[in-house]
file run.txt (compact mmCIF, C-alpha atoms)
# COMPACT_ATOMS: atom_id res chain seq x y z
CA MET A 1 22.63 0.86 -16.27
CA ILE A 2 20.68 -0.59 -13.36
CA VAL A 3 18.59 -3.61 -14.41
CA PRO A 4 16.29 -4.57 -17.28
CA PHE A 5 12.93 -2.83 -17.02
CA GLY A 6 11.20 -6.22 -16.98
CA HIS A 7 12.83 -7.26 -13.71
CA LEU A 8 11.41 -4.18 -12.02
CA LEU A 9 7.94 -4.99 -13.35
CA ILE A 10 8.27 -8.57 -12.08
CA LEU A 11 9.26 -7.29 -8.62
CA ALA A 12 6.18 -5.07 -8.61
CA GLY A 13 4.10 -8.05 -9.76
CA ILE A 14 5.37 -10.26 -6.94
CA LEU A 15 4.54 -7.58 -4.38
CA PHE A 16 1.10 -7.05 -5.90
CA VAL A 17 0.32 -10.77 -5.71
CA ILE A 18 1.46 -10.91 -2.07
CA GLY A 19 -0.90 -8.02 -1.31
CA LEU A 20 -3.71 -9.68 -3.23
CA PHE A 21 -3.18 -12.91 -1.31
CA CYS A 22 -3.20 -11.00 1.98
CA ALA A 23 -6.43 -9.21 1.11
CA LEU A 24 -8.16 -12.39 -0.07
CA ALA A 25 -6.96 -15.00 2.41
CA ARG A 26 -6.68 -13.27 5.79
CA ARG A 27 -9.75 -13.18 7.99
CA SER A 28 -9.14 -9.82 9.63
CA LEU A 29 -10.33 -6.42 8.45
CA ILE A 30 -7.00 -4.81 9.39
CA MET A 31 -5.03 -7.34 7.33
CA ILE A 32 -7.37 -6.81 4.36
CA LEU A 33 -6.65 -3.09 4.46
CA LEU A 34 -2.90 -3.80 4.80
CA GLY A 35 -3.14 -6.00 1.71
CA VAL A 36 -4.64 -3.11 -0.24
CA GLU A 37 -1.76 -0.92 0.97
CA ILE A 38 0.78 -3.48 -0.28
CA MET A 39 -0.94 -3.51 -3.68
CA LEU A 40 -0.84 0.30 -3.93
CA ASN A 41 2.84 0.17 -2.98
CA ALA A 42 3.53 -2.31 -5.78
CA ALA A 43 1.73 -0.08 -8.28
CA ALA A 44 3.86 2.86 -7.13
CA ILE A 45 7.06 0.88 -7.74
CA ALA A 46 5.92 0.07 -11.28
CA PHE A 47 5.11 3.75 -11.92
CA VAL A 48 8.49 4.98 -10.69
CA GLY A 49 10.21 2.36 -12.83
CA GLY A 50 8.22 3.48 -15.87
CA SER A 51 9.12 7.07 -15.10
CA LEU A 52 12.81 6.13 -15.22
CA HIS A 53 12.40 3.97 -18.31
CA TRP A 54 10.79 6.68 -20.42
CA HIS A 55 12.57 9.58 -18.70
CA ASP A 56 9.24 11.24 -18.08
CA MET A 57 8.15 12.76 -14.77
CA GLU A 58 4.46 11.87 -15.21
CA GLY A 59 5.05 8.53 -13.49
CA GLN A 60 6.41 10.16 -10.37
CA THR A 61 3.52 12.63 -10.38
CA ILE A 62 1.04 9.77 -10.36
CA VAL A 63 2.90 8.14 -7.46
CA LEU A 64 2.39 11.33 -5.47
CA PHE A 65 -1.36 11.07 -6.09
CA ILE A 66 -1.27 7.36 -5.21
CA ALA A 67 0.14 8.33 -1.81
CA ALA A 68 -2.69 10.85 -1.30
CA VAL A 69 -5.35 8.32 -2.31
CA ALA A 70 -3.78 5.69 -0.05
CA ALA A 71 -3.90 8.08 2.90
CA THR A 72 -7.56 8.85 2.15
CA GLU A 73 -8.48 5.21 1.81
CA VAL A 74 -6.74 4.28 5.05
CA SER A 75 -8.35 7.04 7.09
CA VAL A 76 -11.88 6.23 5.92
CA GLY A 77 -11.25 2.48 6.05
CA LEU A 78 -9.91 2.57 9.58
CA ALA A 79 -12.84 4.73 10.70
CA MET A 80 -15.18 2.08 9.27
CA ILE A 81 -13.19 -0.67 11.01
CA VAL A 82 -13.50 1.13 14.35
CA HIS A 83 -17.24 1.46 13.69
CA VAL A 84 -17.48 -2.28 12.96
CA PHE A 85 -15.40 -3.10 16.03
CA ARG A 86 -17.80 -1.16 18.24
CA LYS A 87 -20.72 -3.11 16.77
CA THR A 88 -19.28 -6.62 16.85
CA GLY A 89 -16.23 -6.50 19.14
CA SER A 90 -14.06 -8.26 16.58
CA PHE A 91 -12.13 -7.66 13.36
CA ASP A 92 -13.70 -10.70 11.72
CA PRO A 93 -15.48 -9.60 8.52
CA VAL A 94 -17.83 -12.59 8.70
CA LEU A 95 -19.52 -11.21 11.81
CA PHE A 96 -20.43 -7.94 10.15
CA ASP A 97 -22.92 -8.75 7.43
CA LEU A 98 -25.49 -6.00 7.97
CA LEU A 99 -25.09 -2.55 6.47
CA LYS A 100 -26.95 -1.05 9.39
CA MET B 101 27.28 -6.42 -12.46
CA THR B 102 27.44 -2.85 -11.26
CA LEU B 103 26.81 -1.66 -7.74
CA TYR B 104 23.38 -0.38 -8.78
CA THR B 105 22.37 -3.81 -10.05
CA ALA B 106 23.48 -5.55 -6.87
CA LEU B 107 21.65 -2.95 -4.77
CA PHE B 108 18.47 -3.41 -6.78
CA TYR B 109 18.35 -7.18 -6.32
CA LEU B 110 19.28 -6.89 -2.63
CA LEU B 111 16.52 -4.34 -2.02
CA GLY B 112 14.03 -6.37 -4.01
CA ALA B 113 14.75 -9.48 -1.97
CA LEU B 114 14.49 -7.50 1.27
CA ILE B 115 11.16 -5.95 0.29
CA VAL B 116 9.61 -9.24 -0.80
CA ALA B 117 10.90 -11.06 2.29
CA SER B 118 9.66 -8.50 4.80
CA THR B 119 6.28 -8.24 3.04
CA GLY B 120 5.94 -12.01 3.04
CA VAL B 121 6.76 -12.18 6.74
CA ALA B 122 4.26 -9.40 7.45
CA VAL B 123 1.43 -11.16 5.63
CA THR B 124 1.85 -14.35 7.65
CA ARG B 125 2.01 -12.84 11.16
CA ARG B 126 -0.78 -13.68 13.56
CA ASN B 127 -0.04 -10.67 15.75
CA LEU B 128 -1.28 -7.53 14.00
CA VAL B 129 1.32 -5.25 15.59
CA HIS B 130 4.13 -7.47 14.29
CA ALA B 131 2.58 -7.45 10.84
CA VAL B 132 2.47 -3.65 10.79
CA VAL B 133 6.06 -3.32 12.00
CA TYR B 134 7.32 -5.71 9.30
CA LEU B 135 5.38 -3.71 6.73
CA ILE B 136 7.14 -0.56 7.92
CA LEU B 137 10.42 -2.34 7.10
CA SER B 138 9.04 -3.18 3.68
CA PHE B 139 8.08 0.44 3.01
CA PHE B 140 11.53 1.63 4.08
CA GLY B 141 12.93 -0.74 1.48
CA THR B 142 10.53 0.69 -1.10
CA SER B 143 11.68 4.18 -0.23
CA LEU B 144 15.33 3.17 -0.79
CA LEU B 145 14.30 1.62 -4.10
CA PHE B 146 12.71 4.92 -5.14
CA TYR B 147 15.98 6.66 -4.31
CA LEU B 148 17.85 4.13 -6.43
CA LEU B 149 15.43 4.73 -9.30
CA GLY B 150 16.04 8.48 -9.24
CA ALA B 151 13.10 9.84 -7.26
CA PRO B 152 14.62 11.40 -4.11
CA LEU B 153 11.56 13.52 -3.27
CA LEU B 154 9.26 10.50 -3.49
CA ALA B 155 11.69 8.52 -1.34
CA ALA B 156 11.42 11.12 1.41
CA LEU B 157 7.63 11.34 1.03
CA TRP B 158 7.33 7.55 1.17
CA VAL B 159 9.06 7.46 4.54
CA ILE B 160 6.94 10.33 5.84
CA ILE B 161 3.54 9.31 4.46
CA TYR B 162 3.64 5.52 4.13
CA ALA B 163 6.11 4.28 6.74
CA GLY B 164 5.27 7.20 9.00
CA ALA B 165 1.69 8.41 8.90
CA ILE B 166 -0.26 5.49 7.47
CA MET B 167 1.42 2.72 9.43
CA VAL B 168 1.31 4.71 12.67
CA LEU B 169 -2.43 5.15 12.07
CA PHE B 170 -2.74 1.37 11.82
CA LEU B 171 -0.76 0.95 15.05
CA PHE B 172 -3.00 3.46 16.84
CA ILE B 173 -6.16 1.66 15.75
CA ILE B 174 -4.79 -1.77 16.71
CA MET B 175 -3.76 -0.51 20.15
CA MET B 176 -6.99 1.44 20.62
CA THR B 177 -9.32 -1.45 19.91
CA ARG B 178 -7.26 -4.15 21.66
CA ALA B 179 -8.85 -7.09 19.89
CA ASP B 180 -7.90 -10.57 21.05
CA ALA B 181 -5.54 -12.56 18.88
CA GLN B 182 -7.41 -14.30 16.13
CA ALA B 183 -8.43 -17.82 17.06
CA GLY B 184 -8.51 -20.69 14.61
CA PRO B 185 -6.42 -21.16 11.48
CA LEU B 186 -4.59 -18.13 10.17
CA PHE B 187 -5.57 -18.90 6.59
CA PRO B 188 -8.88 -20.79 6.29
CA PRO B 189 -8.29 -23.44 3.59
CA GLY B 190 -11.43 -22.47 1.70
CA GLN B 191 -10.02 -18.97 1.30
CA TRP B 192 -6.28 -19.29 0.84
CA ILE B 193 -6.19 -22.09 -1.74
CA PRO B 194 -8.18 -20.21 -4.40
CA ALA B 195 -6.35 -17.00 -3.53
CA ALA B 196 -2.93 -18.65 -3.87
CA VAL B 197 -3.81 -20.45 -7.09
CA LEU B 198 -5.24 -17.31 -8.71
CA GLY B 199 -2.34 -15.17 -7.50
CA LEU B 200 0.28 -17.60 -8.80
CA LEU B 201 -1.52 -17.90 -12.14
CA TYR B 202 -1.59 -14.11 -12.52
CA LEU B 203 2.08 -13.93 -11.55
CA VAL B 204 3.11 -16.57 -14.10
CA VAL B 205 1.05 -15.03 -16.90
CA GLY B 206 2.29 -11.54 -16.05
CA SER B 207 5.93 -12.63 -15.92
CA LEU B 208 5.61 -14.42 -19.26
CA MET B 209 4.07 -11.30 -20.78
CA VAL B 210 6.80 -9.08 -19.37
CA LEU B 211 9.55 -11.37 -20.62
CA ALA B 212 7.92 -11.78 -24.04
CA VAL B 213 7.77 -8.06 -24.84
CA PRO B 214 11.17 -7.00 -26.19
CA GLU B 215 10.95 -3.44 -24.89
CA THR B 216 11.03 -4.61 -21.28
CA GLY B 217 14.53 -5.98 -21.84
CA ALA B 218 15.86 -2.44 -22.19
CA GLU B 219 18.28 -1.47 -19.45
CA LEU B 220 17.27 1.31 -17.06
CA ARG B 221 19.92 4.01 -17.01
CA PRO B 222 20.42 6.00 -13.81
CA ALA B 223 18.84 9.44 -13.87
CA VAL B 224 17.62 11.70 -11.10
CA ALA B 225 14.53 13.91 -11.12
CA ALA B 226 15.65 16.81 -8.97
CA PRO B 227 13.00 17.80 -6.40
CA ARG B 228 12.93 21.36 -7.80
CA ASN B 229 12.20 20.19 -11.34
CA PHE B 230 9.66 17.70 -10.09
CA ALA B 231 7.81 20.32 -8.05
CA LEU B 232 7.81 22.77 -10.95
CA HIS B 233 6.42 20.08 -13.26
CA LEU B 234 3.77 19.14 -10.69
CA PHE B 235 2.49 22.64 -10.07
CA GLU B 236 2.74 23.83 -13.67
CA THR B 237 0.91 20.98 -15.36
CA HIS B 238 -1.09 19.30 -12.58
CA TRP B 239 -2.19 22.14 -10.32
CA LEU B 240 -5.86 21.26 -10.83
CA SER B 241 -5.26 17.66 -9.74
CA VAL B 242 -3.49 18.90 -6.62
CA GLU B 243 -6.55 20.99 -5.74
CA ILE B 244 -8.86 18.04 -6.37
CA VAL B 245 -6.72 15.83 -4.12
CA SER B 246 -6.88 18.44 -1.38
CA VAL B 247 -10.70 18.41 -1.62
CA LEU B 248 -10.58 14.60 -1.51
CA LEU B 249 -8.53 14.70 1.68
CA LEU B 250 -10.99 17.16 3.23
CA VAL B 251 -13.93 14.89 2.35
CA ALA B 252 -12.06 11.90 3.80
CA LEU B 253 -11.46 13.83 6.99
CA MET B 254 -15.15 14.64 7.33
CA GLY B 255 -16.13 11.06 6.51
CA ALA B 256 -13.74 9.64 9.08
CA LEU B 257 -15.04 12.06 11.72
CA TYR B 258 -18.64 11.14 10.93
CA LEU B 259 -17.97 7.39 11.03
CA GLY B 260 -15.79 7.55 14.09
CA ARG B 261 -17.99 9.60 16.39
CA ARG B 262 -19.37 7.74 19.37
CA ARG B 263 -23.14 7.74 19.49
CA GLU B 264 -24.50 8.13 23.01
CA THR B 265 -27.65 6.28 22.02
CA ASP B 266 -25.64 3.12 21.28
CA VAL B 267 -24.67 2.85 24.91
CA SER B 268 -28.19 3.18 26.29
CA GLY B 269 -29.58 1.01 23.53
CA GLU B 270 -32.12 3.52 22.25
CA GLU B 271 -32.37 4.68 18.70
CA PRO B 272 -32.43 8.45 18.23
call {"tool": "encode", "arguments": {"input": "run.txt", "output": "structure tokens"}}
result
Amino acid sequence: MIVPFGHLLILAGILFVIGLFCALARRSLIMILLGVEIMLNAAAIAFVGGSLHWHDMEGQTIVLFIAAVAATEVSVGLAMIVHVFRKTGSFDPVLFDLLK
Amino acid sequence: MTLYTALFYLLGALIVASTGVAVTRRNLVHAVVYLILSFFGTSLLFYLLGAPLLAALWVIIYAGAIMVLFLFIIMMTRADAQAGPLFPPGQWIPAAVLGLLYLVVGSLMVLAVPETGAELRPAVAAPRNFALHLFETHWLSVEIVSVLLLVALMGALYLGRRRETDVSGEEP
């Protein structure tokens, strides 16, 4: 035995809330994207735990796709951040309020 | 308490601590490096939970590729350190209150459901079995993800190209 399944879910929940806080409270586009990464990481932990709990490999399969989606999101997000940085010279999301 | 249990709590504490430190750094490079530590911890946790292939992929993709991409962008743009308060009070108070509320409600829900008290027993999904399962039942999803990555590549190239007209100030 390792631990109760609930403790794993609570660990994933704590990580998710830290990521949520980072994405909501920081005033920097890079930190917002990092917060989203932390949240995806927390979801992956919950999926792997569920995969072990039910002895089913579907959970691990989904984690593989989470990694692919995270890579996609980061590449497009960082390209947009570089675009914004060229326009405004800052990572502050408040300065970029025109979708032009 | 078995060795596995002790390892789980140790890893959990390490992951939460390094993530918390990363979130509160003012310097973006430091934040990214602390997050790399956090993702290494996650990878070890995956190994503990019986997913060795995912543990390796997590080091390669998350701690490796994604975080290095962040580092490249931070070093490429060379923004000045953020002035003013790290967490503007108007933003962090609602975020913290909402986050804590969700955490409390979620923990209560998890502890109230009897099934979540079941102990996890160690088991390992061998990489060979995992790969066979992936490509036998989810081959279509793998193809769709590859198309998604291609589209992301094209989107990033389109967004990231430098327009000559921006420099001279003329619209095309």
call {"tool": "atom_distance", "arguments": {"input": "run.txt", "atom1": "CA of Met39 (chain A)", "atom2": "CA of Val129 (chain B)"}}
result
19.5 Å
call {"tool": "interface_residues", "arguments": {"input": "run.txt", "of": "chain A", "to": "chain B", "cutoff": "6 Å", "atoms": "all atoms listed in the file", "output": "JSON, numbers by chain"}}
result
{"A": [1, 2, 3, 4, 5, 6, 17, 21, 22, 25, 26, 53, 72, 76, 79]}
call {"tool": "closest_residue", "arguments": {"input": "run.txt", "among": "B:Val121, B:Ile160, B:Leu171, B:Leu111", "to": "Gly141 (chain B)", "atoms": "only C-alpha atoms"}}
result
B:Leu111
call {"tool": "atom_distance", "arguments": {"input": "run.txt", "atom1": "CA of Val48 (chain A)", "atom2": "CA of Gly77 (chain A)"}}
result
26.0 Å
call {"tool": "closest_residue", "arguments": {"input": "run.txt", "among": "A:Ala67, A:Val94, A:Ile81, A:Ile14", "to": "Val159 (chain B)", "atoms": "only C-alpha atoms"}}
result
A:Ala67
call {"tool": "atom_distance", "arguments": {"input": "run.txt", "atom1": "CA of Ala68 (chain A)", "atom2": "CA of Leu110 (chain B)"}}
result
28.3 Å
call {"tool": "closest_residue", "arguments": {"input": "run.txt", "among": "A:Gly50, A:Ile18, A:Thr61, A:Gly13", "to": "Leu232 (chain B)", "atoms": "only C-alpha atoms"}}
result
A:Thr61
call {"tool": "residues_around", "arguments": {"input": "run.txt", "residues": "region 43-46 of chain A", "least_positions_apart": "3", "cutoff": "6 Å", "atoms": "all atoms listed in the file", "output": "count of residues only"}}
result
5
